[in-house]
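Heads up, input.pdb below (PDB, C-alpha atoms and all ligand atoms):
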ATOM      1  CA  MET A   1     -86.273  68.485 -87.368
ATOM      2  CA  THR A   2     -86.071  71.987 -88.746
ATOM      3  CA  ASP A   3     -83.630  72.366 -91.574
ATOM      4  CA  ARG A   4     -80.996  74.707 -90.252
ATOM      5  CA  GLN A   5     -78.291  73.883 -92.738
ATOM      6  CA  ALA A   6     -77.061  77.066 -94.307
ATOM      7  CA  ARG A   7     -77.571  78.192 -97.846
ATOM      8  CA  ASP A   8     -75.798  80.857 -99.877
ATOM      9  CA  LEU A   9     -73.050  81.861 -97.468
ATOM     10  CA  PRO A  10     -69.430  82.622 -98.296
ATOM     11  CA  LEU A  11     -67.539  80.387 -95.858
ATOM     12  CA  ASP A  12     -67.690  77.556 -93.353
ATOM     13  CA  ALA A  13     -64.326  77.820 -91.598
ATOM     14  CA  HIS A  14     -64.361  74.729 -89.351
ATOM     15  CA  LEU A  15     -64.954  71.205 -90.718
ATOM     16  CA  HIS A  16     -63.766  67.697 -89.822
ATOM     17  CA  THR A  17     -63.391  64.893 -92.340
ATOM     18  CA  ASP A  18     -62.510  61.213 -91.956
ATOM     19  CA  LEU A  19     -58.927  62.377 -91.422
ATOM     20  CA  SER A  20     -60.076  63.268 -87.903
ATOM     21  CA  PRO A  21     -60.576  60.353 -85.470
ATOM     22  CA  ASP A  22     -64.069  61.556 -84.547
ATOM     23  CA  SER A  23     -65.474  62.020 -88.059
ATOM     24  CA  ASP A  24     -66.309  59.642 -90.896
ATOM     25  CA  VAL A  25     -67.141  62.201 -93.590
ATOM     26  CA  PRO A  26     -65.185  61.947 -96.858
ATOM     27  CA  ILE A  27     -64.096  65.399 -97.981
ATOM     28  CA  ASP A  28     -66.083  65.125-101.213
ATOM     29  CA  ASP A  29     -69.322  64.840 -99.220
ATOM     30  CA  TYR A  30     -68.778  68.327 -97.780
ATOM     31  CA  ALA A  31     -67.783  69.706-101.169
ATOM     32  CA  ALA A  32     -70.913  68.248-102.785
ATOM     33  CA  ALA A  33     -73.061  69.685 -99.991
ATOM     34  CA  ALA A  34     -71.351  73.050-100.426
ATOM     35  CA  LEU A  35     -72.082  73.035-104.145
ATOM     36  CA  GLU A  36     -75.703  72.067-103.529
ATOM     37  CA  ARG A  37     -76.220  74.701-100.846
ATOM     38  CA  GLY A  38     -74.239  77.575-102.218
ATOM     39  CA  ILE A  39     -71.483  77.653 -99.592
ATOM     40  CA  ALA A  40     -68.615  79.135-101.572
ATOM     41  CA  GLU A  41     -65.613  78.233 -99.440
ATOM     42  CA  LEU A  42     -64.674  75.549 -96.918
ATOM     43  CA  ALA A  43     -61.777  75.302 -94.521
ATOM     44  CA  ILE A  44     -60.981  71.669 -93.720
ATOM     45  CA  THR A  45     -59.664  71.733 -90.175
ATOM     46  CA  ASP A  46     -58.928  68.185 -89.080
ATOM     47  CA  HIS A  47     -57.640  67.584 -85.566
ATOM     48  CA  VAL A  48     -53.978  67.430 -84.603
ATOM     49  CA  ASP A  49     -53.153  66.558 -80.997
ATOM     50  CA  PHE A  50     -49.754  66.743 -79.323
ATOM     51  CA  GLU A  51     -50.389  64.626 -76.259
ATOM     52  CA  PRO A  52     -49.419  60.951 -76.667
ATOM     53  CA  GLY A  53     -52.574  58.896 -76.300
ATOM     54  CA  ALA A  54     -54.891  61.712 -77.373
ATOM     55  CA  PRO A  55     -57.245  60.703 -80.218
ATOM     56  CA  ALA A  56     -55.595  62.774 -82.935
ATOM     57  CA  PHE A  57     -51.996  62.157 -81.847
ATOM     58  CA  GLU A  58     -50.272  60.935 -85.039
ATOM     59  CA  TYR A  59     -53.692  59.924 -86.399
ATOM     60  CA  ALA A  60     -53.135  61.114 -89.963
ATOM     61  CA  SER A  61     -49.834  62.378 -91.275
ATOM     62  CA  PHE A  62     -49.399  65.941 -92.455
ATOM     63  CA  ALA A  63     -48.516  64.631 -95.915
ATOM     64  CA  ASP A  64     -51.703  62.569 -96.174
ATOM     65  CA  ARG A  65     -53.896  65.392 -94.927
ATOM     66  CA  GLU A  66     -52.327  67.913 -97.259
ATOM     67  CA  ARG A  67     -52.559  65.601-100.272
ATOM     68  CA  VAL A  68     -56.224  64.707 -99.711
ATOM     69  CA  VAL A  69     -57.294  68.304 -99.179
ATOM     70  CA  ARG A  70     -55.198  69.810-101.980
ATOM     71  CA  GLU A  71     -56.373  67.160-104.466
ATOM     72  CA  ALA A  72     -59.995  67.782-103.477
ATOM     73  CA  ALA A  73     -59.420  71.516-103.867
ATOM     74  CA  GLU A  74     -58.230  70.912-107.429
ATOM     75  CA  ARG A  75     -61.237  68.712-108.214
ATOM     76  CA  TRP A  76     -63.791  71.169-106.853
ATOM     77  CA  ALA A  77     -62.370  74.557-107.831
ATOM     78  CA  PRO A  78     -63.674  74.288-111.410
ATOM     79  CA  ARG A  79     -67.177  73.729-109.992
ATOM     80  CA  GLY A  80     -66.989  76.852-107.856
ATOM     81  CA  VAL A  81     -66.196  75.407-104.434
ATOM     82  CA  THR A  82     -62.992  76.702-102.841
ATOM     83  CA  ILE A  83     -61.365  74.334-100.343
ATOM     84  CA  ARG A  84     -58.648  75.498 -97.940
ATOM     85  CA  PHE A  85     -56.174  73.268 -96.139
ATOM     86  CA  GLY A  86     -56.571  74.063 -92.476
ATOM     87  CA  VAL A  87     -56.042  72.379 -89.137
ATOM     88  CA  GLU A  88     -57.459  72.431 -85.609
ATOM     89  CA  LEU A  89     -54.569  72.131 -83.170
ATOM     90  CA  THR A  90     -55.352  71.175 -79.601
ATOM     91  CA  TYR A  91     -53.710  73.801 -77.395
ATOM     92  CA  ASP A  92     -52.273  73.435 -73.917
ATOM     93  CA  ARG A  93     -49.422  75.467 -72.468
ATOM     94  CA  SER A  94     -47.545  72.267 -71.700
ATOM     95  CA  TRP A  95     -47.048  71.493 -75.393
ATOM     96  CA  GLU A  96     -46.944  75.013 -76.813
ATOM     97  CA  SER A  97     -43.385  74.515 -78.035
ATOM     98  CA  ASP A  98     -44.457  71.380 -79.929
ATOM     99  CA  ILE A  99     -47.184  73.398 -81.664
ATOM    100  CA  ARG A 100     -44.738  76.186 -82.477
ATOM    101  CA  ASP A 101     -42.347  73.638 -83.939
ATOM    102  CA  HIS A 102     -45.112  71.940 -85.947
ATOM    103  CA  LEU A 103     -46.275  75.229 -87.427
ATOM    104  CA  ALA A 104     -42.725  76.248 -88.265
ATOM    105  CA  ARG A 105     -42.269  73.081 -90.304
ATOM    106  CA  HIS A 106     -45.727  72.758 -91.895
ATOM    107  CA  ALA A 107     -47.605  75.293 -93.982
ATOM    108  CA  TYR A 108     -51.382  75.488 -93.654
ATOM    109  CA  ASP A 109     -53.806  77.910 -95.237
ATOM    110  CA  PHE A 110     -55.606  78.399 -91.937
ATOM    111  CA  THR A 111     -54.998  77.336 -88.337
ATOM    112  CA  ILE A 112     -57.432  77.070 -85.448
ATOM    113  CA  GLY A 113     -56.151  76.670 -81.900
ATOM    114  CA  SER A 114     -58.613  75.046 -79.518
ATOM    115  CA  VAL A 115     -58.632  73.902 -75.924
ATOM    116  CA  HIS A 116     -60.239  70.464 -75.586
ATOM    117  CA  ASP A 117     -61.232  68.392 -72.618
ATOM    118  CA  ARG A 118     -58.395  66.063 -71.596
ATOM    119  CA  VAL A 119     -58.835  62.612 -70.113
ATOM    120  CA  GLU A 120     -57.805  63.803 -66.650
ATOM    121  CA  SER A 121     -59.856  66.998 -66.915
ATOM    122  CA  VAL A 122     -61.884  68.274 -63.986
ATOM    123  CA  TYR A 123     -64.713  68.667 -66.521
ATOM    124  CA  HIS A 124     -64.829  64.955 -67.343
ATOM    125  CA  PRO A 125     -68.424  63.704 -66.917
ATOM    126  CA  SER A 126     -67.325  61.531 -63.982
ATOM    127  CA  ARG A 127     -65.794  64.476 -62.114
ATOM    128  CA  VAL A 128     -67.593  67.633 -63.160
ATOM    129  CA  ARG A 129     -70.347  67.557 -60.530
ATOM    130  CA  GLY A 130     -67.791  67.254 -57.749
ATOM    131  CA  TRP A 131     -65.640  69.982 -59.293
ATOM    132  CA  VAL A 132     -68.500  72.451 -59.463
ATOM    133  CA  ALA A 133     -69.705  71.873 -55.904
ATOM    134  CA  GLY A 134     -68.722  74.685 -53.545
ATOM    135  CA  ARG A 135     -66.716  76.625 -56.112
ATOM    136  CA  SER A 136     -67.363  80.101 -57.469
ATOM    137  CA  LEU A 137     -68.012  80.491 -61.172
ATOM    138  CA  ALA A 138     -64.582  82.077 -61.607
ATOM    139  CA  GLU A 139     -62.962  79.066 -59.912
ATOM    140  CA  ILE A 140     -65.031  76.650 -61.991
ATOM    141  CA  VAL A 141     -63.993  78.001 -65.387
ATOM    142  CA  GLU A 142     -60.442  78.894 -64.395
ATOM    143  CA  PRO A 143     -58.697  75.710 -65.630
ATOM    144  CA  ALA A 144     -60.311  76.063 -69.055
ATOM    145  CA  PHE A 145     -60.159  79.830 -69.440
ATOM    146  CA  THR A 146     -56.503  80.017 -68.367
ATOM    147  CA  GLU A 147     -55.553  77.757 -71.264
ATOM    148  CA  VAL A 148     -57.907  79.548 -73.662
ATOM    149  CA  GLU A 149     -56.387  82.906 -72.755
ATOM    150  CA  ALA A 150     -52.892  81.514 -73.261
ATOM    151  CA  ALA A 151     -53.924  80.164 -76.672
ATOM    152  CA  ALA A 152     -55.317  83.591 -77.592
ATOM    153  CA  ARG A 153     -52.191  85.341 -76.358
ATOM    154  CA  SER A 154     -49.752  82.924 -78.014
ATOM    155  CA  GLY A 155     -50.281  84.420 -81.466
ATOM    156  CA  LEU A 156     -49.736  80.938 -82.881
ATOM    157  CA  PHE A 157     -53.128  80.604 -84.493
ATOM    158  CA  ASP A 158     -55.191  82.336 -87.134
ATOM    159  CA  ALA A 159     -58.342  81.738 -85.076
ATOM    160  CA  LEU A 160     -59.285  80.640 -81.574
ATOM    161  CA  GLY A 161     -61.771  77.756 -81.768
ATOM    162  CA  HIS A 162     -64.995  77.442 -79.717
ATOM    163  CA  LEU A 163     -63.824  79.825 -76.982
ATOM    164  CA  ASP A 164     -66.156  78.644 -74.214
ATOM    165  CA  VAL A 165     -66.915  75.069 -75.194
ATOM    166  CA  VAL A 166     -66.363  74.349 -71.486
ATOM    167  CA  LYS A 167     -70.000  75.335 -71.017
ATOM    168  CA  ARG A 168     -70.920  72.127 -72.849
ATOM    169  CA  TYR A 169     -69.057  70.084 -70.248
ATOM    170  CA  LEU A 170     -70.476  72.138 -67.372
ATOM    171  CA  HIS A 171     -74.085  71.802 -68.517
ATOM    172  CA  PRO A 172     -76.422  71.597 -66.621
ATOM    173  CA  HIS A 173     -74.451  72.186 -63.402
ATOM    174  CA  VAL A 174     -73.497  75.648 -64.655
ATOM    175  CA  THR A 175     -75.978  77.268 -67.025
ATOM    176  CA  THR A 176     -75.554  79.614 -69.935
ATOM    177  CA  ALA A 177     -77.393  82.190 -67.827
ATOM    178  CA  ASP A 178     -74.732  81.833 -65.110
ATOM    179  CA  LEU A 179     -72.023  82.541 -67.670
ATOM    180  CA  ALA A 180     -73.983  85.376 -69.277
ATOM    181  CA  GLY A 181     -74.040  87.010 -65.842
ATOM    182  CA  ALA A 182     -70.252  87.032 -65.619
ATOM    183  CA  PRO A 183     -68.961  88.646 -68.834
ATOM    184  CA  GLU A 184     -65.890  89.869 -66.925
ATOM    185  CA  LEU A 185     -64.564  86.300 -66.968
ATOM    186  CA  TYR A 186     -64.282  86.570 -70.748
ATOM    187  CA  GLU A 187     -62.566  89.963 -70.866
ATOM    188  CA  PRO A 188     -58.935  88.806 -70.557
ATOM    189  CA  ILE A 189     -59.452  86.300 -73.370
ATOM    190  CA  LEU A 190     -61.075  88.861 -75.660
ATOM    191  CA  ARG A 191     -58.319  91.380 -74.951
ATOM    192  CA  ALA A 192     -55.666  88.757 -75.684
ATOM    193  CA  LEU A 193     -57.313  88.062 -79.044
ATOM    194  CA  VAL A 194     -57.372  91.758 -79.913
ATOM    195  CA  GLU A 195     -53.742  92.208 -78.899
ATOM    196  CA  SER A 196     -52.477  89.173 -80.810
ATOM    197  CA  GLY A 197     -54.648  89.776 -83.880
ATOM    198  CA  THR A 198     -56.133  86.299 -83.538
ATOM    199  CA  ALA A 199     -59.627  85.832 -84.927
ATOM    200  CA  LEU A 200     -62.527  85.021 -82.651
ATOM    201  CA  GLU A 201     -64.402  82.033 -84.027
ATOM    202  CA  ILE A 202     -68.187  82.014 -83.807
ATOM    203  CA  ASN A 203     -68.684  78.264 -83.534
ATOM    204  CA  THR A 204     -72.267  77.284 -84.304
ATOM    205  CA  SER A 205     -71.981  73.695 -83.064
ATOM    206  CA  GLY A 206     -73.313  74.855 -79.694
ATOM    207  CA  LEU A 207     -76.653  75.445 -81.394
ATOM    208  CA  ARG A 208     -77.012  71.699 -81.878
ATOM    209  CA  HIS A 209     -75.845  70.910 -78.328
ATOM    210  CA  ALA A 210     -77.856  71.202 -75.107
ATOM    211  CA  VAL A 211     -76.443  74.681 -74.404
ATOM    212  CA  ALA A 212     -78.323  75.947 -77.488
ATOM    213  CA  GLU A 213     -76.083  78.926 -78.140
ATOM    214  CA  THR A 214     -72.901  79.592 -80.073
ATOM    215  CA  TYR A 215     -69.398  79.252 -78.619
ATOM    216  CA  PRO A 216     -69.144  82.024 -77.494
ATOM    217  CA  ALA A 217     -72.638  83.530 -77.158
ATOM    218  CA  ALA A 218     -73.735  86.633 -79.070
ATOM    219  CA  PRO A 219     -73.076  89.163 -76.262
ATOM    220  CA  ILE A 220     -69.454  88.015 -76.059
ATOM    221  CA  VAL A 221     -69.083  88.419 -79.830
ATOM    222  CA  ALA A 222     -70.487  91.948 -79.489
ATOM    223  CA  ARG A 223     -68.136  92.733 -76.608
ATOM    224  CA  PHE A 224     -65.155  91.561 -78.660
ATOM    225  CA  HIS A 225     -66.103  94.048 -81.372
ATOM    226  CA  GLN A 226     -66.490  96.819 -78.762
ATOM    227  CA  LEU A 227     -62.978  96.085 -77.530
ATOM    228  CA  GLY A 228     -61.609  96.634 -81.019
ATOM    229  CA  GLY A 229     -61.645  93.053 -82.259
ATOM    230  CA  ARG A 230     -62.006  92.984 -86.025
ATOM    231  CA  ALA A 231     -60.783  89.460 -86.789
ATOM    232  CA  VAL A 232     -63.655  86.997 -86.807
ATOM    233  CA  THR A 233     -64.481  83.646 -88.433
ATOM    234  CA  ILE A 234     -67.547  81.420 -88.425
ATOM    235  CA  GLY A 235     -67.641  77.627 -88.500
ATOM    236  CA  SER A 236     -70.121  74.800 -88.040
ATOM    237  CA  ASP A 237     -67.477  72.405 -86.633
ATOM    238  CA  ALA A 238     -69.247  69.579 -88.449
ATOM    239  CA  HIS A 239     -68.086  66.031 -87.805
ATOM    240  CA  ARG A 240     -71.046  64.496 -89.667
ATOM    241  CA  ARG A 241     -72.383  65.238 -93.110
ATOM    242  CA  ASP A 242     -75.752  66.442 -91.823
ATOM    243  CA  HIS A 243     -74.007  68.960 -89.550
ATOM    244  CA  PHE A 244     -72.305  70.696 -92.465
ATOM    245  CA  GLY A 245     -73.169  74.384 -92.289
ATOM    246  CA  TRP A 246     -75.489  73.735 -89.358
ATOM    247  CA  ALA A 247     -76.948  77.018 -88.041
ATOM    248  CA  LEU A 248     -74.186  78.859 -89.856
ATOM    249  CA  ALA A 249     -76.611  81.664 -90.743
ATOM    250  CA  ASP A 250     -77.052  82.314 -87.017
ATOM    251  CA  GLY A 251     -73.325  82.877 -86.760
ATOM    252  CA  TYR A 252     -73.403  85.381 -89.602
ATOM    253  CA  ASP A 253     -76.368  87.110 -87.943
ATOM    254  CA  GLU A 254     -74.419  87.393 -84.690
ATOM    255  CA  ALA A 255     -71.375  88.812 -86.435
ATOM    256  CA  ALA A 256     -73.453  91.378 -88.325
ATOM    257  CA  ALA A 257     -75.409  92.360 -85.217
ATOM    258  CA  ALA A 258     -72.122  92.822 -83.350
ATOM    259  CA  GLY A 259     -70.991  95.303 -86.007
ATOM    260  CA  PHE A 260     -68.686  93.170 -88.133
ATOM    261  CA  GLU A 261     -68.848  94.183 -91.773
ATOM    262  CA  ALA A 262     -66.777  91.233 -92.944
ATOM    263  CA  LEU A 263     -65.128  88.090 -91.740
ATOM    264  CA  SER A 264     -61.447  88.850 -91.374
ATOM    265  CA  PHE A 265     -58.563  86.611 -90.456
ATOM    266  CA  ARG A 266     -55.007  85.634 -91.258
ATOM    267  CA  ARG A 267     -54.662  83.065 -94.009
ATOM    268  CA  GLY A 268     -51.372  81.692 -95.175
ATOM    269  CA  GLY A 269     -49.529  84.560 -93.516
ATOM    270  CA  GLY A 270     -51.632  87.316 -95.108
ATOM    271  CA  ARG A 271     -54.874  88.834 -93.903
ATOM    272  CA  VAL A 272     -58.047  88.263 -95.866
ATOM    273  CA  SER A 273     -61.504  89.743 -95.684
ATOM    274  CA  VAL A 274     -64.689  87.933 -96.635
ATOM    275  CA  PRO A 275     -67.620  90.356 -96.994
ATOM    276  CA  MET A 276     -70.879  89.556 -95.258
ATOM    277  CA  PRO A 277     -73.442  88.154 -97.666
ATOM    278  CA  VAL A 278     -75.863  90.861 -98.805
ATOM    279  CA  ALA A 279     -78.832  88.999 -97.322
ATOM    280  CA  ILE A 280     -77.326  89.393 -93.851
ATOM    281  CA  GLY A 281     -78.042  92.853 -92.585
ATOM    282  CA  PRO A 282     -76.992  94.466 -89.329
ATOM    283  CA  GLY A 283     -80.452  93.695 -87.927
ATOM    284  CA  PRO A 284     -81.636  90.828 -85.736
ATOM    285  CA  ASN A 285     -82.791  88.561 -88.573
ATOM    286  CA  GLY A 286     -80.749  86.713 -91.124
ATOM    287  CA  PRO A 287     -81.689  85.432 -94.550
ATOM    288  CA  ASP A 288     -83.752  82.546 -93.313
ATOM    289  CA  GLY A 289     -85.358  84.372 -90.445
ATOM    290  CA  HIS A 290     -83.393  83.010 -87.496
ATOM    291  CA  SER A 291     -83.582  85.624 -84.817
ATOM    292  CA  LEU A 292     -80.780  86.106 -82.373
TER     293      LEU A 292
HETATM  294 ZN    ZN B   1     -62.529  71.547 -81.214
HETATM  295 ZN    ZN B   2     -63.450  71.090 -84.449
END
Serialized structure, C-alpha cells:
Amino acid sequence: MTDRQARDLPLDAHLHTDLSPDSDVPIDDYAAAALERGIAELAITDHVDFEPGAPAFEYASFADRERVVREAAERWAPRGVTIRFGVELTYDRSWESDIRDHLARHAYDFTIGSVHDRVESVYHPSRVRGWVAGRSLAEIVEPAFTEVEAAARSGLFDALGHLDVVKRYLHPHVTTADLAGAPELYEPILRALVESGTALEINTSGLRHAVAETYPAAPIVARFHQLGGRAVTIGSDAHRRDHFGWALADGYDEAAAAGFEALSFRRGGGRVSVPMPVAIGPGPNGPDGHSL
C-alpha cells in the first residue's frame, strides 16, 4: 500500500477517537502521529447524535469529552502539537432545535455539522438499489441534499462535513461521473454555505473509499470558490490510527488549485486563517507529488 499519510501540514480538522462509537483510537495515538509527521494542529471531532438509538446518542458525555481533549491538549502543547476540542454533530432538520440547544449550552472550539445515513434511510445497503431504479439523479440525491442544504443554511456549524458522502452509499449504482455531470445539484448547497459563512470541508476519507475522490470532489471545491466561498477546512475523518492524515495533502492540493490561499473558518466564535503550507502551490501537484 502506498503511504499516503500526510507530512508537514498545518491542520487535520476532522478526527475520531475512542470517544466515538465507531473508533478505538486513544487521543494520544493521533497526537504522537502528528508529532512524528509534522502535522501541527488537530481538531478532535467525536460524534454526537440526537436521535435516540443512534450510535453516538449519549455515548460519551460532554464533560468526559471535554476533559479528555483538554487534558491531552495540555500534555501535547509543549511538544508542539495543538489539539482543539471539536465535535461532529449529526444534522437533520427534525432535531435542529436540539442541536441549537446543545450548542447554546456547550462551548466547543470547532463544530462540524454532517448528514449521516439513518437506519431507515433510502440509501441503506438493503434499499439503495430499489431506490435508484427508475429515478432521476436529482430525485436520487434529493433526500440527502435537502438535509445537507438545510445544515449549510442553518448557520449552526463552523464547517459542513463530507458534503456528498451520499455518493459512498450510492456507489456503484450512481457513479462519481454521474454526479460530476450534474454540478447544478450542488449549487444550492454551495450558495447556502457562502451565505451563512459556513466552511466547506474537503474530506479526504473518500480517497480511501471505493469512490476514490474527496467529499466533495475537486470541481465542486473550485465552484465554491468561484461563488465567493472563502471558508474552507480539510480533514481526514480518521477513525483508525493508520487513517490519520490519510491523503490530506490531496485536500490541500485541491484547495490551492481552487484558489484558496488559506484555510479559513470560525473557531470559538472568532474567525481564524491557517495559511497554506509553502510546499503547496497553486499548481496541480502537492508536496509529495499527488496530482489532482
Ligand atoms: Zn461524518
Ligand atoms: Zn467524521
Counting all atoms listed in the file, which protein, DNA or RNA residues come within 10 Å of ligand ZN 1 (chain B), given as a PyMOL selection string?
chain A and resi 14-16+45-47+88-91+112-117+160-163+165+203+205+237
Please identify all polymer residues within 12 Å of A:His209, counting only C-alpha atoms, omitting same-chain residues fewer than 3 positions from it, and present them as number ranges by chain.
A: 165, 167-169, 171-172, 203-206, 212-215, 236-237, 243, 246-247
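Evaluated on this file, the PyMOL selection byres (((chain A and resi 102) around 12) and not hetatm) matches A:Val48, A:Asp49, A:Phe50, A:Ser61, A:Phe62, A:Val87, A:Leu89, A:Trp95, A:Glu96, A:Ser97, A:Asp98, A:Ile99, A:Arg100, A:Asp101, A:Leu103, A:Ala104, A:Arg105, A:His106, A:Ala107, A:Tyr108, A:Thr111, A:Leu156, A:Phe157.
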Store the residues of this selection in a file with C-alpha atoms, as an mmCIF file, keeping the file's coordinate frame.
data_model
loop_
_atom_site.group_PDB
_atom_site.id
_atom_site.type_symbol
_atom_site.label_atom_id
_atom_site.label_comp_id
_atom_site.auth_asym_id
_atom_site.auth_seq_id
_atom_site.Cartn_x
_atom_site.Cartn_y
_atom_site.Cartn_z
ATOM 1 C CA VAL A 48 -53.978 67.430 -84.603
ATOM 2 C CA ASP A 49 -53.153 66.558 -80.997
ATOM 3 C CA PHE A 50 -49.754 66.743 -79.323
ATOM 4 C CA SER A 61 -49.834 62.378 -91.275
ATOM 5 C CA PHE A 62 -49.399 65.941 -92.455
ATOM 6 C CA VAL A 87 -56.042 72.379 -89.137
ATOM 7 C CA LEU A 89 -54.569 72.131 -83.170
ATOM 8 C CA TRP A 95 -47.048 71.493 -75.393
ATOM 9 C CA GLU A 96 -46.944 75.013 -76.813
ATOM 10 C CA SER A 97 -43.385 74.515 -78.035
ATOM 11 C CA ASP A 98 -44.457 71.380 -79.929
ATOM 12 C CA ILE A 99 -47.184 73.398 -81.664
ATOM 13 C CA ARG A 100 -44.738 76.186 -82.477
ATOM 14 C CA ASP A 101 -42.347 73.638 -83.939
ATOM 15 C CA LEU A 103 -46.275 75.229 -87.427
ATOM 16 C CA ALA A 104 -42.725 76.248 -88.265
ATOM 17 C CA ARG A 105 -42.269 73.081 -90.304
ATOM 18 C CA HIS A 106 -45.727 72.758 -91.895
ATOM 19 C CA ALA A 107 -47.605 75.293 -93.982
ATOM 20 C CA TYR A 108 -51.382 75.488 -93.654
ATOM 21 C CA THR A 111 -54.998 77.336 -88.337
ATOM 22 C CA LEU A 156 -49.736 80.938 -82.881
ATOM 23 C CA PHE A 157 -53.128 80.604 -84.493
#
If you count only C-alpha atoms, which residues fall within 7 Å of A:Leu170, apart from same-chain ones fewer than 3 positions away, as a compact mmCIF listing (two decimals) with C-alpha atoms, keeping the file's coordinate frame?
# COMPACT_ATOMS: atom_id res chain seq x y z
CA TYR A 123 -64.71 68.67 -66.52
CA VAL A 128 -67.59 67.63 -63.16
CA VAL A 166 -66.36 74.35 -71.49
CA LYS A 167 -70.00 75.33 -71.02
CA HIS A 173 -74.45 72.19 -63.40
CA VAL A 174 -73.50 75.65 -64.66
Coordinates-based distance that separates atom CA of A:Ala217 from atom CA of A:Pro275 (Å, one decimal)
21.6 Å
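Here the PyMOL selection byres (((chain A and resi 142) around 12) and not hetatm) captures the residues Val122, Tyr123, Trp131, Val132, Arg135, Ser136, Leu137, Ala138, Glu139, Ile140, Val141, Pro143, Ala144, Phe145, Thr146, Glu147, Val148, Glu149, Ala150, Asp164, Val166, Leu185, Tyr186, Pro188 and Ile189 of chain A.
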Correct to one decimal, the distance atom CA of A:Ser196-atom CA of A:Pro216 is 18.4 Å
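Between atom CA of A:Pro10 and atom CA of A:His225 the interatomic distance comes to 20.7 Å.
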Residue contacts of stretch 72-77 of chain A (9 Å, all atoms listed in the file) excluding same-chain residues fewer than 4 positions away, as an NGL selection string:
:A and (27-28 or 31-32 or 35 or 67-68 or 81-85)
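Restricting the calculation to all atoms listed in the file, the smallest distance between A:Thr233 and any of A:Glu195, A:Glu36, A:Ala218, A:Asp158 is found for A:Asp158.
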